[in-house]
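Enquirer: What follows is protein.txt, compact mmCIF, C-alpha atoms.
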# COMPACT_ATOMS: atom_id res chain seq x y z
CA MET K 30 71.47 208.52 49.13
CA ARG K 31 72.89 210.68 51.96
CA THR K 32 75.85 208.25 52.51
CA ALA K 33 77.18 208.64 48.94
CA ARG K 34 78.91 212.02 49.57
CA PRO K 35 81.35 210.81 52.26
CA VAL K 36 82.28 207.86 50.05
CA ARG K 37 83.03 210.15 47.09
CA ARG K 38 85.05 212.50 49.32
CA THR K 39 87.13 209.59 50.63
CA ALA K 40 87.82 208.35 47.09
CA LEU K 41 88.81 211.86 46.02
CA ARG K 42 91.25 212.20 48.94
CA ARG K 43 92.84 208.88 48.02
CA ARG K 44 93.31 209.95 44.41
CA LEU K 45 94.89 213.27 45.47
CA THR K 46 97.19 211.50 47.90
CA GLY K 47 98.26 209.11 45.13
CA LEU K 48 99.01 212.00 42.79
CA VAL K 49 101.11 213.78 45.41
CA LEU K 50 103.08 210.60 46.13
CA ALA K 51 103.60 209.98 42.40
CA GLY K 52 104.84 213.57 41.94
CA ALA K 53 107.27 213.17 44.82
CA LEU K 54 108.59 209.95 43.35
CA LEU K 55 109.07 211.57 39.93
CA THR K 56 110.85 214.54 41.52
CA GLY K 57 113.10 212.19 43.45
CA CYS K 58 113.92 210.25 40.31
CA SER K 59 114.68 213.48 38.44
CA VAL K 60 117.01 214.68 41.22
CA ALA K 61 118.71 211.29 41.35
CA ARG K 62 119.14 211.31 37.57
CA ARG K 63 120.69 214.80 37.64
CA ALA K 64 122.99 213.77 40.49
CA SER K 65 124.31 210.86 38.43
CA GLU K 66 125.10 213.12 35.46
CA PRO K 67 128.56 214.76 35.17
CA PRO K 68 128.56 218.38 36.41
CA PRO K 69 128.44 221.07 33.70
CA GLU K 70 131.84 222.28 32.54
CA ALA K 71 133.00 225.61 33.90
CA PRO K 72 133.24 228.29 31.20
CA ARG K 73 136.68 228.15 29.63
CA PRO K 74 138.73 231.36 29.43
CA ALA K 75 139.04 232.81 25.96
CA ILE K 76 142.28 231.76 24.25
CA PRO K 77 144.14 234.85 23.05
CA VAL K 78 144.97 234.79 19.38
CA PRO K 79 147.50 237.11 17.77
CA THR K 80 146.01 240.37 16.56
CA VAL K 81 149.24 241.86 15.18
CA LEU K 82 150.10 242.24 11.52
CA ALA K 83 153.85 241.81 12.03
CA PRO K 84 156.30 241.24 14.87
CA PRO K 85 158.14 244.25 16.33
CA GLN K 86 160.83 245.51 14.00
CA PRO K 87 164.32 244.80 15.37
CA GLU K 88 166.16 247.93 16.44
CA GLY K 89 168.59 249.23 13.85
CA LEU K 90 166.75 248.02 10.75
CA ASP K 91 166.41 251.24 8.76
CA GLY K 92 168.19 250.40 5.52
CA THR K 93 171.72 251.26 6.64
CA ALA K 94 172.34 247.50 7.00
CA GLY K 95 170.48 244.43 5.77
CA GLN K 96 169.95 242.66 2.47
CA PRO K 97 171.88 244.13 -0.46
CA GLY K 98 170.37 244.51 -3.88
CA HIS K 99 167.91 246.52 -5.92
CA HIS K 100 164.63 247.39 -4.17
CA ALA K 101 161.69 249.80 -4.41
CA CYS K 102 163.55 252.69 -2.77
CA THR K 103 166.54 252.60 -5.12
CA ALA K 104 164.14 252.30 -8.04
CA VAL K 105 162.05 255.38 -7.23
CA ALA K 106 165.08 257.47 -6.22
CA GLY K 107 166.78 256.91 -9.57
CA PRO K 108 166.54 258.93 -12.80
CA ALA K 109 164.09 256.47 -14.36
CA ASN K 110 161.33 257.73 -12.05
CA LEU K 111 159.40 260.25 -14.14
CA VAL K 112 156.94 261.31 -11.42
CA ARG K 113 157.33 265.04 -10.94
CA ARG K 114 159.13 265.90 -7.69
CA PRO K 115 159.12 269.68 -7.46
CA SER K 116 160.23 270.40 -3.92
CA SER K 117 162.43 267.71 -2.36
CA THR K 118 165.38 265.40 -2.83
CA TRP K 119 164.79 261.63 -2.67
CA THR K 120 167.64 259.41 -1.45
CA ALA K 121 167.46 255.63 -0.97
CA LYS K 122 169.26 253.86 1.86
CA PRO K 123 171.18 250.99 0.25
CA TYR K 124 169.84 247.93 2.10
CA GLY K 125 166.48 246.24 2.70
CA TRP K 126 164.94 243.75 5.12
CA ASN K 127 161.75 241.71 5.64
CA ASP K 128 159.27 242.24 8.48
CA GLY K 129 158.16 238.60 8.85
CA GLY K 130 154.55 239.76 8.96
CA LEU K 131 151.39 238.58 7.23
CA PRO K 132 151.71 239.21 4.40
CA ALA K 133 155.49 239.34 4.78
CA LEU K 134 156.78 242.62 3.32
CA ASP K 135 160.17 243.35 1.77
CA LEU K 136 161.03 246.75 3.21
CA CYS K 137 163.40 249.63 2.45
CA THR K 138 163.85 253.25 3.51
CA LEU K 139 163.59 256.28 1.24
CA VAL K 140 164.62 259.69 2.61
CA VAL K 141 162.31 262.39 1.22
CA GLY K 142 163.38 265.92 1.98
CA GLY K 143 165.20 264.67 5.07
CA LEU K 144 162.27 262.58 6.36
CA PRO K 145 162.34 258.74 6.32
CA VAL K 146 159.65 256.91 4.36
CA VAL K 147 159.44 253.11 4.71
CA ILE K 148 158.22 251.28 1.61
CA GLY K 149 157.02 247.69 1.83
CA VAL K 150 156.10 245.32 -1.02
CA SER K 151 154.59 241.92 -0.18
CA ALA K 152 157.06 239.13 -0.88
CA LEU K 153 154.34 236.84 -2.29
CA ALA K 154 151.30 237.46 -4.45
CA VAL K 155 148.28 238.08 -2.23
CA ALA K 156 144.83 236.52 -2.13
CA PRO K 157 141.65 238.55 -2.79
CA GLY K 158 140.59 240.47 0.31
CA THR K 159 144.11 240.88 1.70
CA LEU K 160 144.21 244.62 0.99
CA GLU K 161 141.10 245.28 3.06
CA ARG K 162 142.40 243.17 5.96
CA VAL K 163 145.77 244.95 5.98
CA ALA K 164 144.16 248.38 5.75
CA ASN K 165 141.73 247.66 8.60
CA THR K 166 144.45 246.22 10.84
CA LEU K 167 146.59 249.32 10.32
CA GLY K 168 143.67 251.67 10.97
CA MET K 169 143.54 252.96 7.39
CA PHE K 170 139.86 253.60 6.85
CA GLU K 171 139.87 256.61 4.53
CA PRO K 172 140.07 256.42 0.73
CA ALA K 173 143.50 257.47 -0.53
CA GLU K 174 141.86 259.99 -2.86
CA LYS K 175 141.59 262.40 0.08
CA LEU K 176 145.34 263.01 -0.47
CA GLY K 177 144.82 264.14 -4.06
CA GLY K 178 143.44 263.14 -7.43
CA ALA K 179 146.60 261.23 -8.38
CA ALA K 180 145.54 258.54 -5.87
CA ARG K 181 143.15 257.26 -8.52
CA ASP K 182 146.22 255.63 -10.10
CA LEU K 183 146.54 253.44 -6.98
CA GLY K 184 143.24 251.67 -7.59
CA PRO K 185 139.80 251.85 -5.98
CA GLY K 186 140.78 250.00 -2.79
CA ALA K 187 143.70 252.26 -1.83
CA ARG K 188 143.42 253.51 1.77
CA THR K 189 145.18 256.06 3.94
CA SER K 190 145.45 257.13 7.55
CA GLY K 191 146.98 260.50 6.67
CA ARG K 192 150.57 259.40 7.34
CA ALA K 193 150.48 256.12 5.39
CA ILE K 194 149.03 254.58 2.24
CA VAL K 195 148.29 250.96 1.40
CA PHE K 196 147.23 249.70 -2.02
CA GLU K 197 147.44 246.67 -4.29
CA THR K 198 149.17 246.40 -7.64
CA ALA K 199 150.60 243.50 -9.66
CA SER K 200 148.98 241.15 -7.07
CA ARG K 201 151.22 242.67 -4.38
CA ILE K 202 150.32 244.71 -1.32
CA VAL K 203 152.28 247.97 -1.13
CA ARG K 204 152.54 249.92 2.12
CA VAL K 205 154.10 253.39 2.38
CA THR K 206 154.54 254.79 5.91
CA THR K 207 156.18 257.95 7.21
CA VAL K 208 156.57 260.13 10.27
CA SER K 209 154.61 263.32 10.75
CA GLY K 210 155.73 266.31 8.75
CA LEU K 211 155.76 264.86 5.23
CA PRO K 212 153.24 266.78 3.08
CA ASP K 213 150.31 264.79 1.69
CA GLY K 214 151.47 265.55 -1.83
CA GLU K 215 154.90 264.03 -1.24
CA LEU K 216 153.44 260.92 0.40
CA LEU K 217 151.20 260.45 -2.61
CA ARG K 218 154.06 261.00 -5.07
CA VAL K 219 156.05 258.25 -3.36
CA ALA K 220 153.09 255.84 -3.55
CA VAL K 221 152.44 256.53 -7.23
CA SER K 222 156.15 256.18 -7.99
CA VAL K 223 156.29 252.79 -6.25
CA ARG K 224 153.26 251.57 -8.17
CA HIS K 225 155.18 252.15 -11.42
CA VAL K 226 158.19 250.04 -10.34
CA VAL K 227 156.72 247.12 -8.38
CA ARG K 228 157.11 244.60 -11.21
CA GLN K 229 160.79 245.54 -11.54
CA VAL K 230 161.67 245.07 -7.86
CA ILE K 231 159.87 241.83 -6.94
CA ARG K 232 162.50 239.57 -5.37
CA PRO K 233 162.69 235.78 -5.84
CA ALA K 234 160.44 234.01 -3.35
CA ARG K 235 163.18 231.78 -1.94
CA GLN K 236 166.29 233.31 -0.38
CA SER K 237 167.91 230.78 1.94
CA ASP K 238 170.76 230.63 4.45
CA ALA K 239 172.12 227.23 5.46
CA ALA K 240 172.17 228.31 9.13
CA CYS K 241 168.34 228.38 9.13
CA GLN K 242 167.94 224.91 7.62
CA PRO K 243 167.84 222.88 10.90
CA ALA K 244 164.53 224.58 11.81
CA TYR K 245 162.99 224.14 8.36
CA ALA K 246 161.15 220.88 9.10
CA MET K 247 159.47 222.20 12.26
CA ALA K 248 158.51 225.47 10.57
CA GLU K 249 156.97 223.60 7.66
CA GLN K 250 155.17 221.26 10.05
CA PHE K 251 153.59 224.27 11.76
CA ILE K 252 152.64 225.87 8.44
CA GLY K 253 151.11 222.58 7.30
CA VAL K 254 151.98 222.82 3.61
CA HIS K 255 155.08 223.24 1.48
CA VAL K 256 156.82 226.54 2.26
CA GLN K 257 156.54 229.09 -0.56
CA LEU K 258 158.55 231.95 0.94
CA ARG K 259 162.09 231.97 2.40
CA ARG K 260 163.74 235.14 3.64
CA ASP K 261 166.99 234.17 5.37
CA TYR K 262 169.72 236.79 5.79
CA ARG K 263 172.13 238.38 8.26
CA VAL K 264 172.35 241.95 9.51
CA ASN K 265 175.69 242.73 11.20
CA GLY K 266 176.01 239.03 11.99
CA ALA K 267 172.49 238.69 13.46
CA LEU K 268 170.50 235.94 11.75
CA THR K 269 166.95 236.19 10.41
CA CYS K 270 165.02 233.10 9.21
CA ILE K 271 161.55 233.49 7.69
CA TRP K 272 159.29 230.81 6.22
CA GLY K 273 155.80 231.44 4.87
CA THR K 274 152.84 231.00 2.58
CA GLY K 275 150.02 233.32 1.65
CA ASP K 276 148.28 232.75 4.99
CA THR K 277 151.03 231.76 7.48
CA THR K 278 154.42 233.22 8.40
CA VAL K 279 157.01 231.86 10.85
CA ALA K 280 160.09 233.89 11.79
CA ILE K 281 163.18 233.52 13.99
CA VAL K 282 165.08 236.78 14.41
CA GLU K 283 168.21 237.57 16.40
CA SER K 284 168.24 241.04 17.88
CA LEU K 285 170.90 243.48 16.74
CA HIS K 286 171.14 244.73 20.35
CA THR K 287 171.94 241.89 22.76
CA ASP K 288 170.43 243.66 25.78
CA SER K 289 167.13 244.50 24.09
CA ILE K 290 164.09 242.82 25.65
CA PRO K 291 161.69 245.75 26.15
CA GLU K 292 159.04 243.34 27.50
CA ALA K 293 161.23 242.83 30.62
CA ARG K 294 160.40 246.43 31.61
CA GLN K 295 156.62 246.00 31.36
CA THR K 296 154.31 246.00 34.39
CA PRO K 297 152.97 243.42 34.86
CA LEU K 298 155.60 241.22 33.27
CA PRO K 299 154.51 238.99 30.38
CA ARG K 300 154.03 235.29 30.97
CA PRO K 301 157.43 233.66 31.64
CA ALA K 302 158.68 231.00 29.22
CA PRO K 303 160.78 227.95 30.19
CA ILE K 304 163.69 229.01 28.02
CA GLY K 305 166.44 231.59 28.17
CA GLY K 306 167.34 233.99 30.92
CA PRO K 307 164.87 235.62 30.85
CA GLY K 308 162.25 234.34 28.43
CA TYR K 309 158.67 235.51 27.81
CA TYR K 310 155.64 234.18 25.93
CA LEU K 311 153.32 236.76 24.36
CA PRO K 312 150.23 234.87 23.15
CA ASP K 313 148.45 237.97 21.86
CA GLN K 314 151.51 238.68 19.68
CA GLY K 315 152.08 235.09 18.62
CA GLU K 316 155.62 235.51 19.91
CA LEU K 317 158.32 234.07 22.14
CA VAL K 318 161.31 236.25 23.14
CA PHE K 319 164.28 235.09 25.18
CA ARG K 320 167.96 235.60 25.88
CA GLN K 321 170.20 232.68 24.98
CA GLY K 322 173.83 233.30 25.91
CA ARG K 323 174.62 236.76 24.57
CA ARG K 324 171.80 236.62 22.03
CA VAL K 325 168.23 237.85 22.21
CA VAL K 326 165.96 235.80 19.96
CA ARG K 327 162.37 236.39 18.83
CA VAL K 328 160.25 233.56 17.48
CA SER K 329 156.90 234.50 15.97
CA ALA K 330 154.08 232.88 14.04
CA LEU K 331 151.08 234.55 12.39
CA THR K 332 148.12 233.00 10.58
CA ASP K 333 145.13 234.19 8.59
CA PRO K 334 142.53 233.68 9.93
CA PRO K 335 144.15 234.19 13.35
CA ARG K 336 144.45 231.10 15.54
CA GLU K 337 146.09 230.24 18.83
CA ILE K 338 149.88 230.08 18.66
CA SER K 339 150.89 227.84 21.55
CA LEU K 340 154.11 228.25 23.52
CA GLN K 341 155.06 224.65 22.72
CA ALA K 342 154.74 225.28 18.99
CA LEU K 343 157.17 228.21 19.21
CA LEU K 344 159.59 226.22 21.37
CA ASP K 345 159.52 223.33 18.87
CA ILE K 346 160.29 225.68 15.97
CA VAL K 347 163.34 227.31 17.57
CA GLU K 348 164.77 224.26 19.39
CA PRO K 349 166.90 223.02 16.43
CA LEU K 350 168.68 226.41 16.28
CA LEU K 351 169.51 226.75 20.00
CA PRO K 352 173.10 225.46 19.60
CA LEU K 353 173.67 228.23 17.07
CA PHE K 354 172.57 230.94 19.51
CA LEU K 355 174.85 229.54 22.22
CA ARG K 356 177.95 230.15 20.10
Here is the file; what I need is its structure written in the form of structure tokens.
Expert:
Amino acid sequence: MRTARPVRRTALRRRLTGLVLAGALLTGCSVARRASEPPPEAPRPAIPVPTVLAPPQPEGLDGTAGQPGHHACTAVAGPANLVRRPSSTWTAKPYGWNDGGLPALDLCTLVVGGLPVVIGVSALAVAPGTLERVANTLGMFEPAEKLGGAARDLGPGARTSGRAIVFETASRIVRVTTVSGLPDGELLRVAVSVRHVVRQVIRPARQSDAACQPAYAMAEQFIGVHVQLRRDYRVNGALTCIWGTGDTTVAIVESLHTDSIPEARQTPLPRPAPIGGPGYYLPDQGELVFRQGRRVVRVSALTDPPREISLQALLDIVEPLLPLFLR
């Protein structure tokens, strides 16, 4: 009986040795299996998507030149406007323009007591929820009623930032913006006046210029559906082409000032683009800006919800018009 213990100990050592060897083999197999697998992908940098509501407004667009015709400013400055205006004179500048934003707004300038007020009315009917998105993007988080009880006429969703008002009426977004110095009461009177005339000043959705037509196919390909909005026009010879729907806008705009590329003075410089001299790609603006001959051209695209606007997409859109800008 005394010899049984050494035998059991020997058997136990053998079993432990076998387990250790088996564990080593399994570990080796696991390492070999991991080595044969493709390495994990490195984290990809976040792709910037445009966060802007509209491209920068070309210098010189203040209503002294642009699209002729009746607009919101001439309507509210005329004798048919019955909103009481006790303390100031309202004068409309004669011309309008479009900002190529999302939603694209038809704009005009009203001078109220010597101060400019820019009025914008969306060129297309808007989808539910657009008002809130526009107000949030513009930093308008306060109810318009803080400016006075008359703001109730603008609807429950009307918002203000103190120097601007945005509201919805007749399925259109209306934006009224001004510089500092205009009293709250006057700002509110302008907004209420515009609400009364929106149906009278809505422009036809399609306003075309043959010079923009070569880029139509590429713009529509980017948009992905049949274009609903066209805003083509010239300001002092500079061409603007705008195509859009309720959730996408594409614009090509010649600058009124041929030396105007403010981005060339930024530090650091924006990403260079392989076009023009110079040319820059601004992915967070959804924009390409470049000099072509004596012309400065801006190409922009905006979508809702925001998505990446690649440099190649912008180059493809403007390429058919390059011979025009070389004239």
Enquirer: Out of K:Thr207, K:Thr80, K:Ser190, K:Thr198, which residue has the shortest atom-to-atom distance to Gly142 in chain K when counting all atoms listed in the file?
Expert: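 Counting all atoms listed in the file, the residue closest to Gly142 in chain K is K:Thr207.
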Enquirer: Please, which residues are within 9 Å of (155.0, 232.4, 6.2) by the file's coordinates, counting only C-alpha atoms, and could they come as an NGL selection string?
Expert: :K and (129-133 or 248 or 252 or 256-259 or 271-280 or 330-332)
Enquirer: Go ahead and write the selection's residues with C-alpha atoms as a short mmCIF file (atom, residue, chain, number, x, y, z; two decimals), in the coordinates of the input.
Expert:
data_model
loop_
_atom_site.label_atom_id
_atom_site.label_comp_id
_atom_site.auth_asym_id
_atom_site.auth_seq_id
_atom_site.Cartn_x
_atom_site.Cartn_y
_atom_site.Cartn_z
CA GLY K 129 158.16 238.60 8.85
CA GLY K 130 154.55 239.76 8.96
CA LEU K 131 151.39 238.58 7.23
CA PRO K 132 151.71 239.21 4.40
CA ALA K 133 155.49 239.34 4.78
CA ALA K 248 158.51 225.47 10.57
CA ILE K 252 152.64 225.87 8.44
CA VAL K 256 156.82 226.54 2.26
CA GLN K 257 156.54 229.09 -0.56
CA LEU K 258 158.55 231.95 0.94
CA ARG K 259 162.09 231.97 2.40
CA ILE K 271 161.55 233.49 7.69
CA TRP K 272 159.29 230.81 6.22
CA GLY K 273 155.80 231.44 4.87
CA THR K 274 152.84 231.00 2.58
CA GLY K 275 150.02 233.32 1.65
CA ASP K 276 148.28 232.75 4.99
CA THR K 277 151.03 231.76 7.48
CA THR K 278 154.42 233.22 8.40
CA VAL K 279 157.01 231.86 10.85
CA ALA K 280 160.09 233.89 11.79
CA ALA K 330 154.08 232.88 14.04
CA LEU K 331 151.08 234.55 12.39
CA THR K 332 148.12 233.00 10.58
#
Enquirer: Please report as a Markdown table every residue of range 194-312 of chain K lying within 10 Å of range 339-350 of chain K, along with the nearest atom pair and their distance in Å (one decimal), using all atoms listed in the file.
Expert:
| residue | atom | partner | partner_atom | distance |
| --- | --- | --- | --- | --- |
| K:Ala240 | CA | K:Leu350 | CA | 8.2 |
| K:Cys241 | CA | K:Leu350 | CA | 7.4 |
| K:Gln242 | CA | K:Leu350 | CA | 8.8 |
| K:Pro243 | CA | K:Pro349 | CA | 5.6 |
| K:Ala244 | CA | K:Pro349 | CA | 5.4 |
| K:Tyr245 | CA | K:Ile346 | CA | 8.2 |
| K:Ala246 | CA | K:Ile346 | CA | 8.4 |
| K:Met247 | CA | K:Ile346 | CA | 5.2 |
| K:Ala248 | CA | K:Ile346 | CA | 5.7 |
| K:Glu249 | CA | K:Ile346 | CA | 9.2 |
| K:Gln250 | CA | K:Ile346 | CA | 9.0 |
| K:Phe251 | CA | K:Ala342 | CA | 7.4 |
| K:Val279 | CA | K:Ile346 | CA | 8.7 |
| K:Ala280 | CA | K:Ile346 | CA | 9.2 |
| K:Ile281 | CA | K:Val347 | CA | 7.2 |
| K:Ala302 | CA | K:Leu340 | CA | 7.8 |
| K:Pro303 | CA | K:Leu344 | CA | 9.1 |
| K:Ile304 | CA | K:Leu344 | CA | 8.3 |
| K:Tyr309 | CA | K:Leu340 | CA | 9.6 |
| K:Tyr310 | CA | K:Leu340 | CA | 6.6 |
| K:Leu311 | CA | K:Leu340 | CA | 8.6 |
| K:Pro312 | CA | K:Ser339 | CA | 7.2 |
Enquirer: Using only C-alpha atoms, which protein or nucleic acid residues come within 12 Å of Pro97 in chain K? Drop anything in the same chain fewer than 5 positions from it, and give the result as a list in words.
Expert: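 My reading of the contact set: Gly92, Thr103, Lys122, Pro123, Tyr124, Gly125, Trp126, Asp135, Leu136, Cys137, Arg232, Tyr262, Arg263 and Val264 of chain K.
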Enquirer: Dig up all the protein and nucleic acid residues within 10 Å of (144.0, 240.5, -0.1) in the file frame, using only C-alpha atoms, and format them as an mmCIF file with C-alpha atoms, keeping the file's coordinate frame.
Expert:
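Saved to result18.cif:
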data_model
loop_
_atom_site.group_PDB
_atom_site.id
_atom_site.type_symbol
_atom_site.label_atom_id
_atom_site.label_comp_id
_atom_site.auth_asym_id
_atom_site.auth_seq_id
_atom_site.Cartn_x
_atom_site.Cartn_y
_atom_site.Cartn_z
ATOM 1 C CA PRO K 132 151.710 239.210 4.400
ATOM 2 C CA ALA K 154 151.300 237.460 -4.450
ATOM 3 C CA VAL K 155 148.280 238.080 -2.230
ATOM 4 C CA ALA K 156 144.830 236.520 -2.130
ATOM 5 C CA PRO K 157 141.650 238.550 -2.790
ATOM 6 C CA GLY K 158 140.590 240.470 0.310
ATOM 7 C CA THR K 159 144.110 240.880 1.700
ATOM 8 C CA LEU K 160 144.210 244.620 0.990
ATOM 9 C CA GLU K 161 141.100 245.280 3.060
ATOM 10 C CA ARG K 162 142.400 243.170 5.960
ATOM 11 C CA VAL K 163 145.770 244.950 5.980
ATOM 12 C CA ALA K 164 144.160 248.380 5.750
ATOM 13 C CA PHE K 196 147.230 249.700 -2.020
ATOM 14 C CA GLU K 197 147.440 246.670 -4.290
ATOM 15 C CA SER K 200 148.980 241.150 -7.070
ATOM 16 C CA ARG K 201 151.220 242.670 -4.380
ATOM 17 C CA ILE K 202 150.320 244.710 -1.320
ATOM 18 C CA GLY K 275 150.020 233.320 1.650
#
Enquirer: Measuring atom to atom with all atoms listed in the file, identify which of K:Arg324, K:Arg294, K:Arg181, K:Lys175 is nearest to Gly266 in chain K.
Expert: K:Arg324
Enquirer: One number please: CA of Ser222 in chain K to CA of Arg204 in chain K, in Å, one decimal.
Expert: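 So the answer is 12.4 Å.
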Enquirer: I need the residue nearest Leu139 in chain K from this list: K:Ala199, K:Ala220, K:Val112, K:Gly214. Use all atoms listed in the file for the distance.
Expert: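 Checking each of K:Ala199, K:Ala220, K:Val112, K:Gly214 against Leu139 in chain K, counting all atoms listed in the file, the winner is K:Ala220.
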Enquirer: Mind checking which residues fall within 12 Å of Pro291 in chain K, counting only C-alpha atoms, ignoring those fewer than 6 positions away in the same chain, and posting them as a list in words?
Expert: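 Near neighbours after the sequence-gap exclusion: Pro85, Pro87, Glu88, Ser284, Leu298, Pro299, Pro307, Gly308, Tyr309, Val318, Phe319, Arg320, Val325 and Arg327 of chain K.
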Enquirer: Output requested as a PDB file, keeping the file's coordinate frame - range 109-127 of chain K, filled out with N, CA and C atoms.
Expert:
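This is the output file out_18.pdb:
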ATOM      1  N   ALA K 109     165.175 257.056 -13.557  1.00  0.00           N
ATOM      2  CA  ALA K 109     164.090 256.470 -14.360  1.00  0.00           C
ATOM      3  C   ALA K 109     162.710 256.829 -13.833  1.00  0.00           C
ATOM      4  N   ASN K 110     162.624 257.332 -12.612  1.00  0.00           N
ATOM      5  CA  ASN K 110     161.330 257.730 -12.050  1.00  0.00           C
ATOM      6  C   ASN K 110     160.914 259.064 -12.659  1.00  0.00           C
ATOM      7  N   LEU K 111     159.849 259.059 -13.427  1.00  0.00           N
ATOM      8  CA  LEU K 111     159.400 260.250 -14.140  1.00  0.00           C
ATOM      9  C   LEU K 111     158.310 261.025 -13.395  1.00  0.00           C
ATOM     10  N   VAL K 112     157.938 260.569 -12.201  1.00  0.00           N
ATOM     11  CA  VAL K 112     156.940 261.310 -11.420  1.00  0.00           C
ATOM     12  C   VAL K 112     157.551 262.641 -11.000  1.00  0.00           C
ATOM     13  N   ARG K 113     156.816 263.696 -11.212  1.00  0.00           N
ATOM     14  CA  ARG K 113     157.330 265.040 -10.940  1.00  0.00           C
ATOM     15  C   ARG K 113     157.560 265.237  -9.443  1.00  0.00           C
ATOM     16  N   ARG K 114     158.772 265.666  -9.091  1.00  0.00           N
ATOM     17  CA  ARG K 114     159.130 265.900  -7.690  1.00  0.00           C
ATOM     18  C   ARG K 114     159.634 267.340  -7.571  1.00  0.00           C
ATOM     19  N   PRO K 115     158.732 268.269  -7.356  1.00  0.00           N
ATOM     20  CA  PRO K 115     159.120 269.680  -7.460  1.00  0.00           C
ATOM     21  C   PRO K 115     159.879 270.248  -6.269  1.00  0.00           C
ATOM     22  N   SER K 116     159.760 269.658  -5.086  1.00  0.00           N
ATOM     23  CA  SER K 116     160.230 270.400  -3.920  1.00  0.00           C
ATOM     24  C   SER K 116     161.176 269.651  -3.003  1.00  0.00           C
ATOM     25  N   SER K 117     161.589 268.429  -3.314  1.00  0.00           N
ATOM     26  CA  SER K 117     162.430 267.710  -2.360  1.00  0.00           C
ATOM     27  C   SER K 117     163.372 266.755  -3.066  1.00  0.00           C
ATOM     28  N   THR K 118     164.423 266.379  -2.339  1.00  0.00           N
ATOM     29  CA  THR K 118     165.380 265.400  -2.830  1.00  0.00           C
ATOM     30  C   THR K 118     165.041 264.024  -2.257  1.00  0.00           C
ATOM     31  N   TRP K 119     165.073 262.999  -3.106  1.00  0.00           N
ATOM     32  CA  TRP K 119     164.790 261.630  -2.670  1.00  0.00           C
ATOM     33  C   TRP K 119     166.102 260.842  -2.695  1.00  0.00           C
ATOM     34  N   THR K 120     166.429 260.208  -1.565  1.00  0.00           N
ATOM     35  CA  THR K 120     167.640 259.410  -1.450  1.00  0.00           C
ATOM     36  C   THR K 120     167.295 258.055  -0.853  1.00  0.00           C
ATOM     37  N   ALA K 121     167.751 256.982  -1.476  1.00  0.00           N
ATOM     38  CA  ALA K 121     167.460 255.630  -0.970  1.00  0.00           C
ATOM     39  C   ALA K 121     168.602 255.149  -0.091  1.00  0.00           C
ATOM     40  N   LYS K 122     168.264 254.587   1.079  1.00  0.00           N
ATOM     41  CA  LYS K 122     169.260 253.860   1.860  1.00  0.00           C
ATOM     42  C   LYS K 122     169.534 252.547   1.133  1.00  0.00           C
ATOM     43  N   PRO K 123     170.776 252.057   1.189  1.00  0.00           N
ATOM     44  CA  PRO K 123     171.180 250.990   0.250  1.00  0.00           C
ATOM     45  C   PRO K 123     170.645 249.597   0.521  1.00  0.00           C
ATOM     46  N   TYR K 124     170.189 249.304   1.755  1.00  0.00           N
ATOM     47  CA  TYR K 124     169.840 247.930   2.100  1.00  0.00           C
ATOM     48  C   TYR K 124     168.350 247.792   2.400  1.00  0.00           C
ATOM     49  N   GLY K 125     167.876 246.535   2.385  1.00  0.00           N
ATOM     50  CA  GLY K 125     166.480 246.240   2.700  1.00  0.00           C
ATOM     51  C   GLY K 125     166.390 245.150   3.752  1.00  0.00           C
ATOM     52  N   TRP K 126     165.175 244.820   4.153  1.00  0.00           N
ATOM     53  CA  TRP K 126     164.940 243.750   5.120  1.00  0.00           C
ATOM     54  C   TRP K 126     163.511 243.263   4.940  1.00  0.00           C
ATOM     55  N   ASN K 127     163.111 242.243   5.712  1.00  0.00           N
ATOM     56  CA  ASN K 127     161.750 241.710   5.640  1.00  0.00           C
ATOM     57  C   ASN K 127     161.144 241.736   7.036  1.00  0.00           C
TER      58      ASN K 127
END
